[in-house]
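Below: the structure, in structure tokens.
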Amino acid sequence: MGDPRMPLPQVCVCYLLRESGGRTEVLLGRKKHGLGRGYFVGLGGKLEPGETAVEAAVREVHEESGVTVRAADLEARGLLTYLFPHREAWSQESSVFVARAFTGAPAASDELDPEWFDLDRVPLDEMWDDAKHWLPGVLAGGRVRRTFVFGEDLASVVHHRDHVA
């Protein structure tokens, strides 16, 4: 699987949470094109050169939804490693954030169409296969550090492991 000394491309993902009608909701977006097209995803993307994961999350949330989140309002929730042995260019490492404070109303962008979901109605069957293994726990306040290996179909998790902190 490539050169193990080469660092994986760094990405970030941020899940915005709000209270609505006594229930907690999460903002997801249906991806319009590129890697993960058609899936619901959290807001995020690749880190630009010299950018930290926090800076990238602030930028990506705004670019993809028009919503403004402050760096101080991001809660770091963990790190995910995605390995695609059958398409190594897709392998990456993702910093995971949650934010409960933000300004603005989500609007569609070139990247995705945002939509709020009750936490008990997150469309896990319309997301990347790994999400079911960790996202509910993170949205409930937990942390994650896991590696997921995707199979030949580039969609199914064939192996995953937790990392001990």
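Chain identifiers are assigned as A, B, and so on, following the order in which chains appear in the structure tokens; residues are numbered from 1 within each chain, and ligands are numbered from 1 in order of appearance.
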
| task | Would you list the contacts of segment 62-65 of chain A as a count of residues only, taking every protein, DNA or RNA residue within 8 Å and counting only C-alpha atoms, but skipping same-chain residues closer than 4 positions in sequence? | result | 13

| request: Show which residues sit within 8 Å of segment 76-87 of chain A, as a list in words. Count only C-alpha atoms, and ignore same-chain residues fewer than 3 positions away. | output: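 With the cut-off at 8 Å, the set is Met1, Trp90, Ser91, Gln92, Glu93, Ser94, Ser95, Val96, Phe97, Val98, Val138, Gly142, Arg143, Val144, Arg145, Arg146, Thr147, Phe148, Val149, Phe150, Gly151, Glu152 and Leu154 of chain A.
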
Emit the selected residues as a compact mmCIF listing (two decimals), in the first residue's frame, including N, CA and C atoms.
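As a result, again01.txt now contains:
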```txt
# COMPACT_ATOMS: atom_id res chain seq x y z
N MET A 1 0.83 -1.18 0.00
CA MET A 1 0.00 0.00 0.00
C MET A 1 0.86 1.24 0.00
N TRP A 90 -6.95 7.63 -3.20
CA TRP A 90 -8.09 8.00 -2.35
C TRP A 90 -7.76 7.91 -0.86
N SER A 91 -6.67 7.25 -0.49
CA SER A 91 -6.32 7.10 0.93
C SER A 91 -6.06 8.48 1.53
N GLN A 92 -6.50 8.65 2.79
CA GLN A 92 -6.37 9.96 3.43
C GLN A 92 -6.56 9.83 4.93
N GLU A 93 -6.21 10.91 5.63
CA GLU A 93 -6.40 10.99 7.07
C GLU A 93 -7.29 12.21 7.34
N SER A 94 -8.35 11.99 8.13
CA SER A 94 -9.34 13.05 8.34
C SER A 94 -9.45 13.44 9.81
N SER A 95 -9.28 14.73 10.09
CA SER A 95 -9.55 15.28 11.42
C SER A 95 -11.04 15.52 11.53
N VAL A 96 -11.62 15.11 12.66
CA VAL A 96 -13.07 15.19 12.85
C VAL A 96 -13.39 16.27 13.88
N PHE A 97 -14.33 17.15 13.52
CA PHE A 97 -14.77 18.23 14.41
C PHE A 97 -16.29 18.25 14.52
N VAL A 98 -16.76 18.81 15.64
CA VAL A 98 -18.17 19.11 15.86
C VAL A 98 -18.22 20.58 16.27
N VAL A 138 -19.76 9.82 17.83
CA VAL A 138 -19.20 11.17 17.81
C VAL A 138 -20.31 12.21 17.97
N GLY A 142 -18.92 11.52 21.78
CA GLY A 142 -17.71 10.72 21.90
C GLY A 142 -16.57 11.18 21.01
N ARG A 143 -15.49 10.41 21.11
CA ARG A 143 -14.29 10.66 20.30
C ARG A 143 -14.00 9.41 19.49
N VAL A 144 -13.20 9.56 18.44
CA VAL A 144 -12.89 8.43 17.57
C VAL A 144 -11.45 8.48 17.12
N ARG A 145 -10.82 7.30 17.02
CA ARG A 145 -9.51 7.15 16.38
C ARG A 145 -9.52 5.77 15.76
N ARG A 146 -9.79 5.70 14.47
CA ARG A 146 -9.95 4.42 13.79
C ARG A 146 -9.35 4.46 12.40
N THR A 147 -9.03 3.26 11.93
CA THR A 147 -8.58 3.07 10.55
C THR A 147 -9.59 2.19 9.84
N PHE A 148 -9.96 2.59 8.64
CA PHE A 148 -10.90 1.83 7.81
C PHE A 148 -10.22 1.47 6.50
N VAL A 149 -10.32 0.20 6.13
CA VAL A 149 -9.78 -0.27 4.86
C VAL A 149 -10.97 -0.61 3.97
N PHE A 150 -10.99 -0.01 2.78
CA PHE A 150 -12.09 -0.22 1.83
C PHE A 150 -11.71 -1.29 0.82
N GLY A 151 -12.71 -2.03 0.38
CA GLY A 151 -12.51 -3.15 -0.53
C GLY A 151 -12.39 -2.74 -1.98
N GLU A 152 -12.37 -3.76 -2.81
CA GLU A 152 -12.18 -3.58 -4.25
C GLU A 152 -13.28 -2.73 -4.88
N LEU A 154 -14.44 -0.12 -3.70
CA LEU A 154 -14.15 1.27 -3.30
C LEU A 154 -15.27 1.90 -2.47
```

| Those of segment 19-140 of chain A in DSSP strand (DSSP E or B), formatted as a PyMOL selection string | chain A and resi 19-20+23-31+40-41+43-46+68+74-83+92-99+103+112-118

| task | Based on DSSP run over this structure's backbone, return all residues of segment 56-89 of chain A in helix (DSSP H, G or I), as a list in words. | result | Ala56, Ala57, Val58, Arg59, Glu60, Val61, His62, Glu63, Glu64, Ser65, Ala71, Ala72, Asp73, Glu88 and Ala89 of chain A

Would you save the residues of that selection, restricted to all heavy atoms, as an mmCIF file, in the first residue's frame?
```
data_model
loop_
_atom_site.group_PDB
_atom_site.id
_atom_site.type_symbol
_atom_site.label_atom_id
_atom_site.label_comp_id
_atom_site.auth_asym_id
_atom_site.auth_seq_id
_atom_site.Cartn_x
_atom_site.Cartn_y
_atom_site.Cartn_z
ATOM 1 N N ALA A 56 -8.713 24.756 8.086
ATOM 2 C CA ALA A 56 -9.391 24.166 6.927
ATOM 3 C C ALA A 56 -10.866 23.939 7.229
ATOM 4 O O ALA A 56 -11.719 24.180 6.368
ATOM 5 C CB ALA A 56 -8.721 22.849 6.543
ATOM 6 N N ALA A 57 -11.186 23.474 8.429
ATOM 7 C CA ALA A 57 -12.591 23.232 8.784
ATOM 8 C C ALA A 57 -13.392 24.533 8.736
ATOM 9 O O ALA A 57 -14.497 24.571 8.188
ATOM 10 C CB ALA A 57 -12.684 22.575 10.164
ATOM 11 N N VAL A 58 -12.835 25.605 9.287
ATOM 12 C CA VAL A 58 -13.514 26.916 9.255
ATOM 13 C C VAL A 58 -13.761 27.333 7.802
ATOM 14 O O VAL A 58 -14.872 27.738 7.429
ATOM 15 C CB VAL A 58 -12.677 27.974 10.011
ATOM 16 C CG1 VAL A 58 -13.189 29.379 9.735
ATOM 17 C CG2 VAL A 58 -12.670 27.670 11.504
ATOM 18 N N ARG A 59 -12.728 27.211 6.964
ATOM 19 C CA ARG A 59 -12.836 27.609 5.557
ATOM 20 C C ARG A 59 -13.835 26.725 4.806
ATOM 21 O O ARG A 59 -14.706 27.221 4.088
ATOM 22 C CB ARG A 59 -11.452 27.537 4.896
ATOM 23 C CG ARG A 59 -11.460 27.861 3.408
ATOM 24 C CD ARG A 59 -10.079 27.717 2.776
ATOM 25 N NE ARG A 59 -9.417 26.453 3.046
ATOM 26 C CZ ARG A 59 -9.730 25.296 2.446
ATOM 27 N NH1 ARG A 59 -10.709 25.240 1.554
ATOM 28 N NH2 ARG A 59 -9.060 24.187 2.748
ATOM 29 N N GLU A 60 -13.714 25.420 4.971
ATOM 30 C CA GLU A 60 -14.564 24.492 4.229
ATOM 31 C C GLU A 60 -16.036 24.617 4.608
ATOM 32 O O GLU A 60 -16.913 24.555 3.741
ATOM 33 C CB GLU A 60 -14.093 23.043 4.428
ATOM 34 C CG GLU A 60 -12.794 22.725 3.726
ATOM 35 C CD GLU A 60 -12.947 22.497 2.223
ATOM 36 O OE1 GLU A 60 -14.079 22.448 1.721
ATOM 37 O OE2 GLU A 60 -11.908 22.358 1.554
ATOM 38 N N VAL A 61 -16.333 24.784 5.892
ATOM 39 C CA VAL A 61 -17.734 24.963 6.310
ATOM 40 C C VAL A 61 -18.329 26.168 5.592
ATOM 41 O O VAL A 61 -19.439 26.109 5.070
ATOM 42 C CB VAL A 61 -17.852 25.105 7.845
ATOM 43 C CG1 VAL A 61 -19.222 25.648 8.251
ATOM 44 C CG2 VAL A 61 -17.580 23.766 8.527
ATOM 45 N N HIS A 62 -17.561 27.257 5.541
ATOM 46 C CA HIS A 62 -18.064 28.469 4.886
ATOM 47 C C HIS A 62 -18.212 28.270 3.379
ATOM 48 O O HIS A 62 -19.229 28.637 2.789
ATOM 49 C CB HIS A 62 -17.168 29.666 5.191
ATOM 50 C CG HIS A 62 -17.790 30.958 4.777
ATOM 51 N ND1 HIS A 62 -17.485 31.567 3.588
ATOM 52 C CD2 HIS A 62 -18.735 31.718 5.368
ATOM 53 C CE1 HIS A 62 -18.214 32.672 3.468
ATOM 54 N NE2 HIS A 62 -18.970 32.779 4.532
ATOM 55 N N GLU A 63 -17.192 27.682 2.744
ATOM 56 C CA GLU A 63 -17.245 27.471 1.292
ATOM 57 C C GLU A 63 -18.396 26.560 0.886
ATOM 58 O O GLU A 63 -19.036 26.778 -0.139
ATOM 59 C CB GLU A 63 -15.930 26.859 0.793
ATOM 60 C CG GLU A 63 -14.775 27.829 0.767
ATOM 61 C CD GLU A 63 -13.457 27.183 0.347
ATOM 62 O OE1 GLU A 63 -13.440 25.979 -0.007
ATOM 63 O OE2 GLU A 63 -12.443 27.884 0.382
ATOM 64 N N GLU A 64 -18.649 25.517 1.680
ATOM 65 C CA GLU A 64 -19.635 24.522 1.282
ATOM 66 C C GLU A 64 -21.056 24.833 1.699
ATOM 67 O O GLU A 64 -21.995 24.268 1.131
ATOM 68 C CB GLU A 64 -19.240 23.141 1.824
ATOM 69 C CG GLU A 64 -17.985 22.618 1.174
ATOM 70 C CD GLU A 64 -17.637 21.198 1.549
ATOM 71 O OE1 GLU A 64 -18.173 20.688 2.561
ATOM 72 O OE2 GLU A 64 -16.835 20.602 0.835
ATOM 73 N N SER A 65 -21.230 25.734 2.685
ATOM 74 C CA SER A 65 -22.595 25.987 3.178
ATOM 75 C C SER A 65 -22.934 27.458 3.383
ATOM 76 O O SER A 65 -24.092 27.783 3.619
ATOM 77 C CB SER A 65 -22.801 25.256 4.511
ATOM 78 O OG SER A 65 -22.044 25.892 5.539
ATOM 79 N N ALA A 71 -12.970 29.235 14.847
ATOM 80 C CA ALA A 71 -12.028 28.189 15.246
ATOM 81 C C ALA A 71 -12.241 27.792 16.709
ATOM 82 O O ALA A 71 -12.193 26.612 17.056
ATOM 83 C CB ALA A 71 -10.594 28.654 15.008
ATOM 84 N N ALA A 72 -12.506 28.784 17.574
ATOM 85 C CA ALA A 72 -12.680 28.519 19.001
ATOM 86 C C ALA A 72 -13.919 27.662 19.282
ATOM 87 O O ALA A 72 -14.030 27.078 20.362
ATOM 88 C CB ALA A 72 -12.781 29.836 19.766
ATOM 89 N N ASP A 73 -14.853 27.607 18.339
ATOM 90 C CA ASP A 73 -16.080 26.830 18.543
ATOM 91 C C ASP A 73 -15.995 25.411 17.998
ATOM 92 O O ASP A 73 -16.953 24.640 18.117
ATOM 93 C CB ASP A 73 -17.274 27.559 17.920
ATOM 94 C CG ASP A 73 -17.606 28.843 18.669
ATOM 95 O OD1 ASP A 73 -17.472 28.849 19.914
ATOM 96 O OD2 ASP A 73 -17.973 29.837 18.019
ATOM 97 N N GLU A 88 -5.098 3.794 -4.337
ATOM 98 C CA GLU A 88 -4.320 4.431 -3.274
ATOM 99 C C GLU A 88 -4.442 5.946 -3.244
ATOM 100 O O GLU A 88 -4.308 6.556 -2.185
ATOM 101 C CB GLU A 88 -2.859 3.996 -3.357
ATOM 102 C CG GLU A 88 -2.694 2.537 -2.985
ATOM 103 C CD GLU A 88 -1.256 2.097 -2.900
ATOM 104 O OE1 GLU A 88 -0.355 2.950 -2.929
ATOM 105 O OE2 GLU A 88 -1.040 0.875 -2.804
ATOM 106 N N ALA A 89 -4.737 6.567 -4.375
ATOM 107 C CA ALA A 89 -4.870 8.031 -4.410
ATOM 108 C C ALA A 89 -6.020 8.514 -3.527
ATOM 109 O O ALA A 89 -6.074 9.679 -3.160
ATOM 110 C CB ALA A 89 -5.072 8.516 -5.843
#
```

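For the residues A:Pro7, A:Glu55, A:Arg30, A:Arg23, ranking by smallest atom-to-atom distance to Trp128 of chain A using only C-alpha atoms places A:Arg30 first.
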
| query | Of the residues A:His159, A:His133, A:Arg121, A:Arg100, which is the one nearest to Glu19 of chain A, using only C-alpha atoms? | reply | A:Arg100

| message | Which residue is closest to Leu135 of chain A? Choose from A:Asp113, A:Asp120, A:Asp153, A:Glu48 and count only C-alpha atoms. | response |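 Selected residue with least distance to Leu135 of chain A: A:Asp120.
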
| query | So what do you get for atom CA of Gly42 of chain A versus atom CA of Leu16 of chain A, distance-wise? | reply |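 Taking atom CA of Gly42 of chain A as the start and atom CA of Leu16 of chain A as the end point, the length is 8.3 Å.
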